[in-house]
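Each remark here refers to the structure printed beneath this line.
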Amino acid sequence: MILAPILVPLLLASVAAYIVLCWRPQLMERSMVPQEKRSKPQNHVLFVTAHPDDECMFFAPTFAKLAKQRNVAVSLLCLSKGDHDGQGELRKKELVKAAVSLGLTPDSVIIVDDPNLPDDPRKAWNIALVAKTVEAVVTAGDVDTVFTFDKQGVSGHPNHIAAYMGVKHMAVTSQRLKFHPVNVYVLESVGLVRKYSSIIDTVFSLGSVLAAGDSLMFVADVQAYSMGVQAMALHESQMMWFRKLYLAFSRYMFINTYSNVVLRTISEPPSHRTT
């Protein structure tokens with residue numbers, strides 16, 4: 001009862017904000033491609049994930065939003081086939097089905113099958129190898145924007161963090177991208193309470209995005225949320241009871257917030273402030 005005067009207004013404000021953003025999503029629309037590439041008739045967005053089902057569990061609101069934009073082509077690069085339990089071949093098939101349900105085409109799903117990039121939190125991924133793998137896809141597809149995990153990996157999984165480190169390493173060191181800029185956005189990791197607060201996190205997410213002018217926010221309405229749930233259901237080998245709870249309570253099924261990674265190419269020395 002003591003917390004009621006705080007929790008009730010917070011709940012009402014979050015629900016109201018969620019409804020408004022579902023009704024008027026253009027309120028939070030910001031360009032996600034480099035200024036030099038905004039004149040292209042179609043922009044190419046690449047998601048870089050670590051395992052099959054990451055695309056549903058963490059990025060579904062963004063996929064659902066981009067699926068409605070005809071001037072955006074979307075691809076998915078999954079850095080492993082999810083063979084932690086020896087079901088890699090099955091999980092590859094499930095991933096393609098799930099991606100298609102999120103609006104992708106089968107040929108836009110790239111699954112890396114490299115023994116040096118195993119689905120195993122105990123084995124460190126080679127960051128240079130991750131960077132090289134991502135760079136090959138980015139340059140071949142003339143990618144404009146990359147979405148991936150942030151340095152905390154949302155769940156703290158080492159493979160998620162390695163995906164972030166590899167993407168950042170690629171963007172900073174690649175000579176190929178020196179004259180073909182790519183925007184990199186990383187999915188914001190939040191604390192445990194916020195992570196499982198569903199749409200109640202809307203107010204906090206909105207505040208963090210408004211405070212940073214180069215951040216992005218995607219909110220899933222009922223239809224988009226259902227799309228994410230249905231896509232996750234296609235990962236039949238992964239649908240344990242706790243994942244069903246995740247689908248109901250995780251804010252990542254409803255809200256994605258991204259920070260833009262400010263990159264400096266290797267040809268640019270760090271600036272020094274004088275006093």
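Identifiers for the structure tokens are assigned positionally: chains receive A, B, ... in sequence, residues are indexed from 1 per chain, and ligands are indexed from 1 in the order shown.
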
List every residue of segment 143-263 of chain A that DSSP, applied to the backbone of this structure, assigns to alpha helix (DSSP H), and report them as number ranges by chain. A: 153-156, 158-173, 192-195, 202-211, 222-233, 241-249

Neighbours of segment 221-237 of chain A within 9 Å (only C-alpha atoms; same-chain residues fewer than 4 positions away dropped), as a ChimeraX atom specification? /A:18-19,21-23,52-53,55-57,59-61,63-65,87,90-91,93-95,97-102,247-248,253-254

Closest of A:Gly166, A:Gly88, A:Gly141, A:Gly103 to Pro115 of chain A, counting only C-alpha atoms, is A:Gly88

So, counting only C-alpha atoms, which residue among A:Met217, A:Ala211, A:Val193, A:Leu245 is closest to Ser31 of chain A?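 Looking only at the distances to Ser31 of chain A, the closest residue turns out to be A:Met217.
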
For each of A:Ile255, A:Ala171, A:Ala50, A:Leu206, take the minimum atom-to-atom distance to Val184 of chain A, counting only C-alpha atoms, then give the residue where this is smallest.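 Checking each candidate against Val184 of chain A, we get A:Ala171 as the closest.
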
Would you please work out which residue, of A:Thr148, A:Ser80, A:Glu135, A:Gln69, is nearest to Asn116 of chain A when using only C-alpha atoms?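 For Asn116 of chain A, the nearest of the candidates is A:Ser80.
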
Among segment 54-260 of chain A, which residues carry a DSSP assignment of strand (DSSP E), reported as a PyMOL selection string? chain A and resi 72-78+109-111+145-149+183-187+216-219+255-260

Keeping N, CA and C atoms for every residue in the selection just given, could you write it to a file as a compact mmCIF listing (two decimals), in the first residue's frame?
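Contents of part-v3.txt, freshly written:
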# COMPACT_ATOMS: atom_id res chain seq x y z
N VAL A 72 12.82 -0.55 -47.38
CA VAL A 72 13.85 -1.15 -46.54
C VAL A 72 13.93 -2.65 -46.81
N ALA A 73 15.12 -3.12 -47.16
CA ALA A 73 15.38 -4.56 -47.29
C ALA A 73 16.06 -5.01 -46.00
N VAL A 74 15.60 -6.14 -45.47
CA VAL A 74 16.10 -6.62 -44.19
C VAL A 74 16.76 -7.98 -44.35
N SER A 75 17.93 -8.12 -43.76
CA SER A 75 18.64 -9.40 -43.75
C SER A 75 19.01 -9.76 -42.31
N LEU A 76 19.28 -11.04 -42.12
CA LEU A 76 19.65 -11.53 -40.80
C LEU A 76 20.91 -12.38 -40.91
N LEU A 77 21.91 -12.05 -40.11
CA LEU A 77 23.13 -12.84 -40.02
C LEU A 77 23.18 -13.45 -38.63
N CYS A 78 23.05 -14.76 -38.56
CA CYS A 78 23.14 -15.47 -37.29
C CYS A 78 24.50 -16.14 -37.22
N VAL A 109 18.40 -14.82 -45.06
CA VAL A 109 18.83 -15.36 -43.76
C VAL A 109 20.16 -16.09 -43.96
N ILE A 110 21.18 -15.60 -43.29
CA ILE A 110 22.52 -16.18 -43.40
C ILE A 110 22.89 -16.80 -42.05
N ILE A 111 23.17 -18.08 -42.06
CA ILE A 111 23.50 -18.79 -40.83
C ILE A 111 24.93 -19.30 -40.93
N THR A 145 22.72 -0.07 -42.44
CA THR A 145 22.51 -0.03 -41.00
C THR A 145 22.62 -1.43 -40.42
N VAL A 146 23.29 -1.54 -39.28
CA VAL A 146 23.43 -2.82 -38.58
C VAL A 146 22.81 -2.70 -37.20
N PHE A 147 21.98 -3.67 -36.86
CA PHE A 147 21.44 -3.79 -35.51
C PHE A 147 22.04 -5.02 -34.84
N THR A 148 22.47 -4.88 -33.60
CA THR A 148 23.01 -6.02 -32.87
C THR A 148 22.87 -5.76 -31.38
N PHE A 149 23.46 -6.62 -30.57
CA PHE A 149 23.43 -6.47 -29.12
C PHE A 149 24.36 -5.33 -28.68
N ASN A 183 25.74 2.81 -40.26
CA ASN A 183 25.29 3.12 -38.91
C ASN A 183 25.16 1.83 -38.13
N VAL A 184 25.63 1.83 -36.89
CA VAL A 184 25.53 0.67 -36.02
C VAL A 184 24.68 1.04 -34.81
N TYR A 185 23.62 0.29 -34.60
CA TYR A 185 22.75 0.49 -33.45
C TYR A 185 22.77 -0.75 -32.57
N VAL A 186 22.91 -0.52 -31.27
CA VAL A 186 23.00 -1.64 -30.33
C VAL A 186 21.78 -1.63 -29.41
N LEU A 187 21.24 -2.82 -29.19
CA LEU A 187 20.03 -2.99 -28.39
C LEU A 187 20.34 -2.75 -26.92
N LEU A 216 17.07 5.13 -31.07
CA LEU A 216 15.87 4.67 -31.78
C LEU A 216 14.98 3.90 -30.82
N MET A 217 13.68 3.93 -31.08
CA MET A 217 12.73 3.18 -30.27
C MET A 217 11.67 2.57 -31.17
N PHE A 218 11.42 1.28 -30.99
CA PHE A 218 10.38 0.58 -31.72
C PHE A 218 9.43 -0.05 -30.72
N VAL A 219 8.14 0.19 -30.90
CA VAL A 219 7.13 -0.33 -30.00
C VAL A 219 6.20 -1.26 -30.78
N ILE A 255 9.09 -3.71 -26.67
CA ILE A 255 9.86 -2.48 -26.82
C ILE A 255 11.31 -2.80 -27.16
N ASN A 256 11.84 -2.13 -28.16
CA ASN A 256 13.26 -2.16 -28.48
C ASN A 256 13.78 -0.73 -28.46
N THR A 257 14.82 -0.49 -27.69
CA THR A 257 15.49 0.81 -27.72
C THR A 257 16.95 0.58 -28.08
N TYR A 258 17.47 1.45 -28.93
CA TYR A 258 18.83 1.30 -29.44
C TYR A 258 19.64 2.57 -29.24
N SER A 259 20.91 2.36 -28.98
CA SER A 259 21.87 3.46 -28.95
C SER A 259 22.71 3.40 -30.22
N ASN A 260 23.02 4.56 -30.75
CA ASN A 260 23.88 4.63 -31.93
C ASN A 260 25.33 4.61 -31.47

Extract, using only C-alpha atoms, all DNA, RNA and protein residues at most 9 Å from Met165 of chain A, discarding same-chain residues fewer than 3 positions from it, and format them as a short mmCIF file (atom, residue, chain, number, x, y, z; two decimals) with all heavy atoms, in the first residue's frame.
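The result, stored in out03.cif:
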data_model
loop_
_atom_site.label_atom_id
_atom_site.label_comp_id
_atom_site.auth_asym_id
_atom_site.auth_seq_id
_atom_site.Cartn_x
_atom_site.Cartn_y
_atom_site.Cartn_z
N ILE A 127 37.11 -12.37 -31.85
CA ILE A 127 36.46 -11.13 -32.27
C ILE A 127 36.84 -10.75 -33.70
O ILE A 127 36.01 -10.25 -34.47
CB ILE A 127 36.80 -9.99 -31.30
CG1 ILE A 127 36.37 -10.36 -29.88
CG2 ILE A 127 36.13 -8.70 -31.73
CD1 ILE A 127 34.91 -10.76 -29.76
N VAL A 130 34.71 -12.79 -36.01
CA VAL A 130 33.35 -12.25 -36.06
C VAL A 130 33.32 -11.00 -36.95
O VAL A 130 32.44 -10.85 -37.81
CB VAL A 130 32.84 -11.91 -34.65
CG1 VAL A 130 31.49 -11.19 -34.73
CG2 VAL A 130 32.72 -13.17 -33.81
N ALA A 131 34.29 -10.11 -36.76
CA ALA A 131 34.35 -8.89 -37.56
C ALA A 131 34.49 -9.19 -39.04
O ALA A 131 33.82 -8.57 -39.88
CB ALA A 131 35.52 -8.02 -37.08
N ASP A 150 24.21 -4.91 -27.42
CA ASP A 150 25.16 -3.96 -26.86
C ASP A 150 26.22 -4.71 -26.07
O ASP A 150 26.26 -5.95 -26.08
CB ASP A 150 24.46 -2.89 -26.01
CG ASP A 150 23.86 -3.44 -24.71
OD1 ASP A 150 23.99 -4.65 -24.45
OD2 ASP A 150 23.26 -2.65 -23.96
N LYS A 151 27.08 -3.99 -25.38
CA LYS A 151 28.22 -4.61 -24.72
C LYS A 151 27.83 -5.49 -23.53
O LYS A 151 28.67 -6.23 -23.01
CB LYS A 151 29.20 -3.54 -24.26
CG LYS A 151 28.65 -2.55 -23.24
CD LYS A 151 29.70 -1.50 -22.91
CE LYS A 151 29.15 -0.46 -21.92
NZ LYS A 151 30.16 0.57 -21.61
N HIS A 160 26.55 -13.20 -27.22
CA HIS A 160 25.89 -11.93 -27.56
C HIS A 160 26.89 -10.79 -27.50
O HIS A 160 26.94 -9.92 -28.38
CB HIS A 160 24.74 -11.64 -26.59
CG HIS A 160 23.61 -12.61 -26.64
ND1 HIS A 160 22.51 -12.50 -25.80
CD2 HIS A 160 23.41 -13.71 -27.39
CE1 HIS A 160 21.68 -13.48 -26.05
NE2 HIS A 160 22.21 -14.24 -27.02
N ILE A 161 27.68 -10.78 -26.44
CA ILE A 161 28.69 -9.73 -26.26
C ILE A 161 29.74 -9.79 -27.36
O ILE A 161 30.18 -8.76 -27.87
CB ILE A 161 29.32 -9.85 -24.87
CG1 ILE A 161 28.26 -9.65 -23.79
CG2 ILE A 161 30.46 -8.86 -24.70
CD1 ILE A 161 28.72 -9.96 -22.38
N ALA A 162 30.11 -11.00 -27.75
CA ALA A 162 31.08 -11.16 -28.84
C ALA A 162 30.53 -10.63 -30.16
O ALA A 162 31.27 -10.08 -30.98
CB ALA A 162 31.48 -12.62 -28.98
N LYS A 168 31.45 -3.92 -33.77
CA LYS A 168 32.13 -2.66 -33.52
C LYS A 168 33.55 -2.68 -34.09
O LYS A 168 34.01 -1.71 -34.70
CB LYS A 168 32.15 -2.36 -32.03
CG LYS A 168 32.73 -0.99 -31.70
CD LYS A 168 32.61 -0.63 -30.24
CE LYS A 168 33.14 0.76 -29.98
NZ LYS A 168 33.03 1.14 -28.55
N HIS A 169 34.23 -3.80 -33.89
CA HIS A 169 35.59 -3.93 -34.42
C HIS A 169 35.58 -3.80 -35.94
O HIS A 169 36.45 -3.13 -36.52
CB HIS A 169 36.17 -5.29 -34.01
CG HIS A 169 37.58 -5.51 -34.46
ND1 HIS A 169 38.66 -4.86 -33.90
CD2 HIS A 169 38.10 -6.31 -35.44
CE1 HIS A 169 39.78 -5.24 -34.50
NE2 HIS A 169 39.46 -6.12 -35.44
N MET A 170 34.61 -4.42 -36.58
CA MET A 170 34.48 -4.32 -38.04
C MET A 170 34.27 -2.88 -38.48
O MET A 170 34.94 -2.38 -39.39
CB MET A 170 33.31 -5.20 -38.50
CG MET A 170 32.99 -5.13 -39.98
SD MET A 170 31.82 -3.81 -40.48
CE MET A 170 30.37 -4.18 -39.53
#

Atom-to-atom span, atom CA of Asp113 of chain A and atom CA of Lys132 of chain A, Å: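 Result for atom CA of Asp113 of chain A versus atom CA of Lys132 of chain A: 14.4 Å, one decimal.
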